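Text of the file start-v2.txt, holding compact mmCIF, C-alpha atoms:
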```txt
# COMPACT_ATOMS: atom_id res chain seq x y z
CA MET A 1271 -10.45 -49.60 -67.23
CA ASN A 1272 -12.55 -47.02 -69.02
CA LYS A 1273 -15.84 -46.10 -67.45
CA PRO A 1274 -18.71 -46.71 -69.87
CA GLN A 1275 -20.23 -43.22 -70.14
CA SER A 1276 -23.27 -43.93 -72.28
CA ALA A 1277 -22.50 -47.52 -73.13
CA GLY A 1278 -25.18 -49.43 -74.95
CA PRO A 1279 -26.37 -52.99 -74.41
CA ASP A 1280 -23.48 -54.54 -76.35
CA ALA A 1281 -20.85 -52.79 -74.24
CA TRP A 1282 -22.66 -53.69 -71.03
CA ARG A 1283 -22.95 -57.32 -72.15
CA GLN A 1284 -19.15 -57.44 -72.47
CA ILE A 1285 -18.74 -55.83 -69.05
CA ILE A 1286 -21.21 -58.20 -67.37
CA ASP A 1287 -19.82 -61.27 -69.15
CA GLY A 1288 -16.28 -60.33 -68.10
CA GLN A 1289 -16.93 -60.30 -64.35
CA GLN A 1290 -17.03 -64.01 -63.60
CA PRO A 1291 -13.95 -65.02 -65.65
CA SER A 1292 -12.02 -62.15 -64.05
CA GLY A 1293 -12.10 -63.96 -60.71
CA LEU A 1294 -13.00 -60.68 -59.00
CA THR A 1295 -15.99 -60.17 -56.77
CA VAL A 1296 -18.70 -57.91 -58.18
CA VAL A 1297 -17.59 -55.19 -55.75
CA ALA A 1298 -13.94 -55.36 -56.89
CA TYR A 1299 -14.90 -55.66 -60.57
CA CYS A 1300 -17.15 -52.60 -60.37
CA LEU A 1301 -14.41 -50.61 -58.66
CA GLU A 1302 -11.97 -51.63 -61.38
CA TRP A 1303 -14.38 -50.62 -64.13
CA GLY A 1304 -15.50 -47.43 -62.36
CA ILE A 1305 -19.16 -48.43 -62.34
CA THR A 1306 -21.66 -48.78 -59.53
CA GLN A 1307 -22.93 -52.12 -58.34
CA GLY A 1308 -26.44 -50.84 -58.99
CA SER A 1309 -25.62 -50.26 -62.66
CA PHE A 1310 -23.96 -53.67 -62.90
CA TYR A 1311 -26.97 -55.52 -61.49
CA THR A 1312 -29.50 -53.39 -63.40
CA TRP A 1313 -27.81 -54.18 -66.71
CA LYS A 1314 -27.35 -57.82 -65.76
CA ARG A 1315 -31.11 -58.08 -65.18
CA ARG A 1316 -31.96 -56.14 -68.36
CA LEU A 1317 -29.74 -58.30 -70.51
CA ARG A 1318 -31.24 -61.47 -69.03
CA LEU A 1319 -34.80 -60.48 -70.11
CA PRO A 1320 -36.08 -61.20 -73.61
CA ARG A 1321 -35.62 -58.16 -75.89
CA LYS A 1322 -39.35 -57.39 -76.12
CA LEU A 1323 -39.65 -57.20 -72.33
CA ASN A 1324 -36.71 -54.81 -71.96
CA HIS A 1325 -38.90 -51.88 -72.98
CA VAL A 1326 -41.83 -52.76 -70.74
CA SER A 1327 -41.66 -51.32 -67.25
CA GLY A 1328 -43.50 -53.84 -65.12
CA ILE A 1329 -46.78 -53.70 -67.06
CA LYS A 1330 -48.48 -57.06 -67.26
CA PHE A 1331 -51.71 -58.04 -68.93
CA VAL A 1332 -54.10 -60.83 -68.07
CA GLU A 1333 -56.41 -62.47 -70.56
CA VAL A 1334 -60.02 -62.02 -69.51
CA THR A 1335 -62.67 -64.47 -70.64
CA PRO A 1336 -66.32 -63.67 -69.90
CA SER A 1337 -68.14 -66.33 -67.96
CA LYS A 1338 -71.40 -66.61 -66.08
CA THR A 1339 -71.07 -65.71 -62.42
CA SER A 1340 -73.46 -66.56 -59.64
CA VAL A 1341 -74.29 -62.85 -59.35
CA PRO A 1342 -75.72 -61.16 -62.45
CA GLY A 1343 -73.79 -58.04 -63.52
CA ALA A 1344 -70.70 -59.01 -61.51
CA ILE A 1345 -67.07 -59.61 -62.38
CA GLU A 1346 -65.39 -62.67 -60.91
CA ILE A 1347 -61.60 -62.98 -60.79
CA CYS A 1348 -60.15 -66.44 -60.14
CA LEU A 1349 -56.95 -66.27 -58.11
CA HIS A 1350 -54.21 -68.78 -57.38
CA GLY A 1351 -55.21 -71.37 -54.80
CA GLU A 1352 -58.87 -71.52 -55.84
CA ARG A 1353 -59.69 -68.15 -54.27
CA HIS A 1354 -62.08 -65.84 -56.08
CA LEU A 1355 -62.78 -62.11 -56.02
CA LEU A 1356 -66.32 -61.11 -56.92
CA LYS A 1357 -67.08 -57.47 -57.74
CA ALA A 1358 -70.76 -56.82 -58.00
CA PHE A 1359 -71.73 -53.38 -59.20
CA GLY A 1360 -73.12 -51.34 -56.35
CA LEU A 1361 -71.55 -53.70 -53.81
CA GLY A 1362 -68.04 -54.09 -52.43
CA ILE A 1363 -65.58 -56.81 -53.24
CA ILE A 1364 -66.40 -60.28 -51.99
CA VAL A 1365 -63.58 -62.80 -51.43
CA ARG A 1366 -64.55 -66.45 -51.66
```

Please rewrite the model in this file as structure tokens.
Amino acid sequence: MNKPQSAGPDAWRQIIDGQQPSGLTVVAYCLEWGITQGSFYTWKRRLRLPRKLNHVSGIKFVEVTPSKTSVPGAIEICLHGERHLLKAFGLGIIVR
């Protein structure tokens, strides 16, 4: 098989989609195609993500809504499992 030199997403989609029906393991399929397993799995992950997320490199945003905290001038972050981080200016971080 021809090694995809600078193959784009469409070419990689065909490569990734062809592995399972080939009956070959990923290792054997990659050897046959002349690609690395790392490239195979990287493209498989990229193609699985929604298009908008493909160009974002791990950056995530959280919506912040101001609320009244028990400490004036502090920032409170509510975490999973009902834990809270409280950052009061001039003080350290308090975990509740």

Edge lengths and centre, in Å to one decimal, as JSON: that's what I need for the box along x, y and z that holds all listed atoms of range 1291-1296 of chain A plus 3 Å on each side.
```
{"center_x": -15.4, "center_y": -61.5, "center_z": -61.2, "size_x": 12.7, "size_y": 13.1, "size_z": 14.9}
```

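When all atoms listed in the file are used to measure the gap to Thr1312 in chain A, the shortest distance among A:Val1332, A:Ala1298, A:Ile1286, A:Ile1345 belongs to A:Ile1286.
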
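With distances taken over all atoms listed in the file, A:Leu1317 is the one residue among A:Ile1347, A:Leu1301, A:Leu1317, A:Gln1290 lying closest to Gly1278 in chain A.
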
List as a ChimeraX atom specification the protein and nucleic acid residues near Asp1287 in chain A, meaning an atom at most 12 Å away when only C-alpha atoms are counted, but skip any in the same chain fewer than 3 places from it.
/A:1279-1284,1290-1293,1296,1299,1310-1311,1313-1314,1317-1318

Go ahead and dump the residues you just picked, C-alpha atoms, as a PDB file, in the coordinates of the input.
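Printed below is out_29.pdb as written:
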```pdb
ATOM      1  CA  PRO A1279     -26.370 -52.990 -74.410  1.00  0.00           C
ATOM      2  CA  ASP A1280     -23.480 -54.540 -76.350  1.00  0.00           C
ATOM      3  CA  ALA A1281     -20.850 -52.790 -74.240  1.00  0.00           C
ATOM      4  CA  TRP A1282     -22.660 -53.690 -71.030  1.00  0.00           C
ATOM      5  CA  ARG A1283     -22.950 -57.320 -72.150  1.00  0.00           C
ATOM      6  CA  GLN A1284     -19.150 -57.440 -72.470  1.00  0.00           C
ATOM      7  CA  GLN A1290     -17.030 -64.010 -63.600  1.00  0.00           C
ATOM      8  CA  PRO A1291     -13.950 -65.020 -65.650  1.00  0.00           C
ATOM      9  CA  SER A1292     -12.020 -62.150 -64.050  1.00  0.00           C
ATOM     10  CA  GLY A1293     -12.100 -63.960 -60.710  1.00  0.00           C
ATOM     11  CA  VAL A1296     -18.700 -57.910 -58.180  1.00  0.00           C
ATOM     12  CA  TYR A1299     -14.900 -55.660 -60.570  1.00  0.00           C
ATOM     13  CA  PHE A1310     -23.960 -53.670 -62.900  1.00  0.00           C
ATOM     14  CA  TYR A1311     -26.970 -55.520 -61.490  1.00  0.00           C
ATOM     15  CA  TRP A1313     -27.810 -54.180 -66.710  1.00  0.00           C
ATOM     16  CA  LYS A1314     -27.350 -57.820 -65.760  1.00  0.00           C
ATOM     17  CA  LEU A1317     -29.740 -58.300 -70.510  1.00  0.00           C
ATOM     18  CA  ARG A1318     -31.240 -61.470 -69.030  1.00  0.00           C
TER      19      ARG A1318
END
```

What does the distance from CA of Arg1315 in chain A to CA of Phe1331 in chain A come to in Å, to one decimal?
20.9 Å

Missing atoms of range 1303-1323 of chain A rebuilt to N, CA and C atoms, written as a compact mmCIF listing (two decimals), in the coordinates of the input:
```txt
# COMPACT_ATOMS: atom_id res chain seq x y z
N TRP A 1303 -13.76 -51.19 -62.93
CA TRP A 1303 -14.38 -50.62 -64.13
C TRP A 1303 -14.92 -49.21 -63.91
N GLY A 1304 -14.98 -48.77 -62.65
CA GLY A 1304 -15.50 -47.43 -62.36
C GLY A 1304 -17.00 -47.33 -62.54
N ILE A 1305 -17.70 -48.42 -62.23
CA ILE A 1305 -19.16 -48.43 -62.34
C ILE A 1305 -19.75 -48.77 -60.97
N THR A 1306 -21.02 -48.46 -60.80
CA THR A 1306 -21.66 -48.78 -59.53
C THR A 1306 -22.20 -50.20 -59.57
N GLN A 1307 -22.33 -50.79 -58.41
CA GLN A 1307 -22.93 -52.12 -58.34
C GLN A 1307 -24.37 -52.08 -58.82
N GLY A 1308 -25.05 -50.99 -58.53
CA GLY A 1308 -26.44 -50.84 -58.99
C GLY A 1308 -26.54 -50.91 -60.50
N SER A 1309 -25.63 -50.21 -61.20
CA SER A 1309 -25.62 -50.26 -62.66
C SER A 1309 -25.31 -51.67 -63.16
N PHE A 1310 -24.34 -52.31 -62.51
CA PHE A 1310 -23.96 -53.67 -62.90
C PHE A 1310 -25.16 -54.60 -62.82
N TYR A 1311 -25.84 -54.60 -61.67
CA TYR A 1311 -26.97 -55.52 -61.49
C TYR A 1311 -28.18 -55.13 -62.33
N THR A 1312 -28.39 -53.83 -62.54
CA THR A 1312 -29.50 -53.39 -63.40
C THR A 1312 -29.29 -53.89 -64.82
N TRP A 1313 -28.08 -53.72 -65.35
CA TRP A 1313 -27.81 -54.18 -66.71
C TRP A 1313 -27.80 -55.70 -66.80
N LYS A 1314 -27.34 -56.36 -65.76
CA LYS A 1314 -27.35 -57.82 -65.76
C LYS A 1314 -28.79 -58.33 -65.88
N ARG A 1315 -29.70 -57.69 -65.13
CA ARG A 1315 -31.11 -58.08 -65.18
C ARG A 1315 -31.71 -57.74 -66.54
N ARG A 1316 -31.43 -56.54 -67.06
CA ARG A 1316 -31.96 -56.14 -68.36
C ARG A 1316 -31.53 -57.08 -69.47
N LEU A 1317 -30.27 -57.45 -69.44
CA LEU A 1317 -29.74 -58.30 -70.51
C LEU A 1317 -30.24 -59.74 -70.40
N ARG A 1318 -30.72 -60.12 -69.23
CA ARG A 1318 -31.24 -61.47 -69.03
C ARG A 1318 -32.67 -61.59 -69.57
N LEU A 1319 -33.41 -60.47 -69.64
CA LEU A 1319 -34.80 -60.48 -70.11
C LEU A 1319 -34.84 -60.59 -71.63
N PRO A 1320 -35.90 -61.19 -72.15
CA PRO A 1320 -36.08 -61.20 -73.61
C PRO A 1320 -36.16 -59.76 -74.12
N ARG A 1321 -35.70 -59.52 -75.33
CA ARG A 1321 -35.62 -58.16 -75.89
C ARG A 1321 -36.95 -57.41 -75.82
N LYS A 1322 -38.05 -58.06 -76.12
CA LYS A 1322 -39.35 -57.39 -76.12
C LYS A 1322 -39.71 -56.88 -74.74
N LEU A 1323 -39.31 -57.60 -73.69
CA LEU A 1323 -39.65 -57.20 -72.33
C LEU A 1323 -38.76 -56.10 -71.80
```
